[in-house]
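A short write-up of the structure that comes next.
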Amino acid sequence: MAIAINLEYKPYVALYRRLSDGLRKAILEGRLQLGEPMPSVRELSESLKLSRATVLKAYEDLRTQGLVVSLSGSGTFVATTLPGDLGDLLQERFREPEPRLLSAPDLHLSERGRQLYDVGYGQLQSHVHVSELNYGGTPHELSPAKEWKALMLKHCAIDQEDKVAEMVAPMGLMSLRQALAQYVMRRRSISLPDGPESICVVGSKQLRLELIGRMLLNSGDVVAYEEPGYPENRNTLMAQGAVIAPIPVDEEGLSVKALRQLPTPPKLIYVTPSHQDPLAMVMSMPRRQELLEYSAAVGAFILEDDFDSEFRYGKPVLPALKALDHHDCVIYMSSFWKVLYQSLRLTYLIFPRCLTKPGQLAKAYLERHLPLIDQLALADLINDGHLEKHLKRCQRLLAHRRQSLILAITRYLRDYIEPFGEGGGTHLILNFKGGFSEGQIEAAAARSGFVIYNTNSYYLGQAPEAQFIAPFGSVDPDTIDGIVKSFAVNLATGAH
């Protein structure tokens, strides 16, 4: 084990003592952890160009101070507890410091830096990602682990020299883009006149919005955004300098009537038509046509986030907005992290024809390298039919879990919540009535183990009182009835 030790020069101080002082400092600074093995005498002797006798004497000095212990046959270790005031000093050093946040102007940041600072700070205060909810994705036990592992192992064995050229493919591997072109044709009715050329694979879901923002938005440009809407994507657009215009949604989706009332037409319109996030309604076909006509009339681009389009329950799947676009104004984006793995961060965009060339050039600037093995495995997963078999299996299991949750809610909470909408995806929306405060609802949920979370962060303006998301991807049909019953009892007793 190598460790950097500064042998501070001190006249008339023996070399072994200077070494023991340096090691003592490393222990107190946490560079050598309590209970951790010390570097071997030989390693320290060679790295510092000191005699073994000097190192041994330094270690003996540390043993005398109670900082290290020697175990016969195992070596020398940092003590698990430090003597006297040294233990208090170590605790004090590693006590969590009080956060010291300067305002953005005090940091002398650029205009863009101030935007990033303000948006990032706001996001810290109202983050929607909660690990125990699996970030809203399908449960790990439903992931196609066996097939994915086999494909990853297959491509780990590739001759890297044969793949060097493919490693620099800013738009993504052509084999993956071809697979995606076929996939969106089958599943989302999207035809691509230029084939896979307009498809862009991106390494993270936030980078795709960074790419779109840099291409289309100047500081102060208006972005029409669903209200409520997914906060992280909204924050990313705000960090580009966009002025967010919250547009209400009704039972048919984004209100085009409200769009027409904007004093300045938007440059970009963000929508989740397949499954409004978070309210779960599906944009009607007449509303889709109306939105496309409005966008073409004012020269705006529509950013279609095809969120949760994979799972529908008892209703036909409508084609994507992109499939209806005859005005070349829809930018389509989707990903697989919700249906496959949290760790699979690959996402993709489909540009309108007018933006394909600018998009290719911008992407080559922002991101040239993508994970090669993940791309190869994903292409095979799609081409071999594993992905759609997985989606079919998940649809069946999620439908059962969803129905179990709905039955339990109907049985015990029908007097406490508004009726459900049609919904889809992997969660339900619960609108509580009866004057319950959000604190009462959250306390009752915590006591009963009922997993719900507030929608407040989805609203840019005033959020409705007592609106909650109830994910059902991880619901256990055998226990959910008892959990919801307990929640109802706790809610009723907590209100009095």
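Every chain in the structure tokens takes a letter, A first, then B, and so on in the order presented; its residues are numbered from 1, and the ligands are numbered from 1 following the presented order.
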**Asked** So which residues touch Tyr230 of chain A within 9 Å, counting only C-alpha atoms, skipping near sequence neighbours fewer than 6 positions away, as number ranges by chain?
**Response** A: 128, 277-278, 457-459
**Request:** Can you work out which one of A:Val256, A:Leu34, A:Leu340, A:Val223 has the shortest atom-to-atom distance to Ala242 of chain A, counting only C-alpha atoms?
**Result:** A:Val223
**Distance criterion (only C-alpha atoms): nearest to Leu460 of chain A out of A:Thr264, A:Asn235, A:Ser45, A:Gln440** = A:Asn235
**Prompt:** When you draw a straight line from atom CA of Phe307 of chain A to atom CA of Val282 of chain A, how long is it in Å?
**Reply:**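 According to the coordinates, atom CA of Phe307 of chain A and atom CA of Val282 of chain A are separated by 10.8 Å.
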**Request:** Would you mind listing what lies within 12 Å of His386 of chain A as a PyMOL selection string, with only C-alpha atoms counted and same-chain residues fewer than 4 positions away left out?
**Result:** chain A and resi 143-148+150-151+183+340+377-382+390-393
Write a file of the just-selected residues containing N, CA and C atoms, as a compact mmCIF listing (two decimals), in the first residue's frame.
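Saved the output as selection.txt:
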# COMPACT_ATOMS: atom_id res chain seq x y z
N SER A 143 -36.06 -7.33 -14.08
CA SER A 143 -35.08 -7.02 -15.12
C SER A 143 -34.63 -8.31 -15.81
N PRO A 144 -34.32 -8.24 -17.11
CA PRO A 144 -33.90 -9.44 -17.84
C PRO A 144 -32.43 -9.76 -17.57
N ALA A 145 -32.13 -10.08 -16.32
CA ALA A 145 -30.73 -10.20 -15.89
C ALA A 145 -29.98 -11.31 -16.64
N LYS A 146 -30.63 -12.44 -16.84
CA LYS A 146 -29.95 -13.57 -17.48
C LYS A 146 -29.52 -13.23 -18.90
N GLU A 147 -30.45 -12.66 -19.68
CA GLU A 147 -30.14 -12.33 -21.08
C GLU A 147 -29.10 -11.21 -21.15
N TRP A 148 -29.26 -10.21 -20.28
CA TRP A 148 -28.32 -9.07 -20.31
C TRP A 148 -26.91 -9.53 -19.93
N ALA A 150 -25.59 -12.50 -20.32
CA ALA A 150 -25.03 -13.29 -21.41
C ALA A 150 -24.53 -12.40 -22.54
N LEU A 151 -25.29 -11.34 -22.86
CA LEU A 151 -24.89 -10.43 -23.94
C LEU A 151 -23.67 -9.61 -23.54
N TYR A 183 -37.22 -0.66 -33.85
CA TYR A 183 -37.99 -0.74 -32.60
C TYR A 183 -39.07 0.34 -32.56
N LEU A 340 -35.39 -1.44 -17.99
CA LEU A 340 -34.30 -2.40 -17.89
C LEU A 340 -33.54 -2.25 -16.57
N ALA A 377 -24.59 -4.72 -26.46
CA ALA A 377 -25.53 -5.60 -25.77
C ALA A 377 -26.97 -5.13 -25.99
N LEU A 378 -27.20 -3.82 -25.94
CA LEU A 378 -28.55 -3.30 -26.12
C LEU A 378 -29.05 -3.57 -27.54
N ALA A 379 -28.17 -3.42 -28.53
CA ALA A 379 -28.57 -3.72 -29.91
C ALA A 379 -29.01 -5.17 -30.04
N ASP A 380 -28.27 -6.09 -29.44
CA ASP A 380 -28.65 -7.51 -29.49
C ASP A 380 -29.94 -7.77 -28.72
N LEU A 381 -30.08 -7.09 -27.58
CA LEU A 381 -31.29 -7.29 -26.77
C LEU A 381 -32.54 -6.92 -27.57
N ILE A 382 -32.43 -5.87 -28.38
CA ILE A 382 -33.55 -5.45 -29.21
C ILE A 382 -33.72 -6.39 -30.40
N HIS A 390 -39.45 -9.15 -22.60
CA HIS A 390 -39.34 -8.60 -21.25
C HIS A 390 -40.49 -7.62 -20.97
N LEU A 391 -40.79 -6.75 -21.93
CA LEU A 391 -41.87 -5.78 -21.75
C LEU A 391 -43.23 -6.48 -21.61
N LYS A 392 -43.43 -7.53 -22.38
CA LYS A 392 -44.69 -8.27 -22.29
C LYS A 392 -44.84 -8.90 -20.91
N ARG A 393 -43.76 -9.48 -20.40
CA ARG A 393 -43.79 -10.09 -19.07
C ARG A 393 -44.04 -9.04 -17.99
Would you write out, as a Markdown table, a table of all residues in segment 295-400 of chain A that have an atom no more than 12 Å from an atom of segment 405-421 of chain A, listing for each the closest atom pair and the distance in Å to one decimal, considering only C-alpha atoms and ordering rows by chain and rising residue number?
| residue | atom | partner | partner_atom | distance |
| --- | --- | --- | --- | --- |
| A:Tyr313 | CA | A:Gly421 | CA | 11.8 |
| A:Leu398 | CA | A:Leu405 | CA | 10.5 |
| A:Ala399 | CA | A:Leu405 | CA | 10.0 |
| A:His400 | CA | A:Leu405 | CA | 8.8 |
**Message:** I'd like to know which residues of segment 141-368 of chain A are strand (DSSP E or B) (by DSSP, run on the backbone); could you write them as a PyMOL selection string?
**Reply:** chain A and resi 168+199-202+222-227+243-250+253-254+268-271+301-305+330-335+347-350
**Request:** One decimal, Å: what's the distance from atom CA of Val55 of chain A over to atom CA of Pro11 of chain A, could you say?
**Result:**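 Interatomic distance here is 19.1 Å.
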**Item:** Best match for closeness to Arg287 of chain A among A:Leu56, A:Leu209, A:Leu344, A:Val249, counting only C-alpha atoms
**Value:**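 Closest to Arg287 of chain A of all the choices is A:Val249.
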**Item:** Shell of 9 Å around Arg312 of chain A, only C-alpha atoms, local chain residues under 3 positions omitted, as an MDAnalysis selection string
**Value:** chainID A and resid 308:309 315:317 395 399 423:425
**Request:** Show which residues sit within 7 Å of Met38 of chain A, as number ranges by chain. Count only C-alpha atoms, and ignore same-chain residues fewer than 2 positions away.
**Result:** A: 36, 40, 76-78
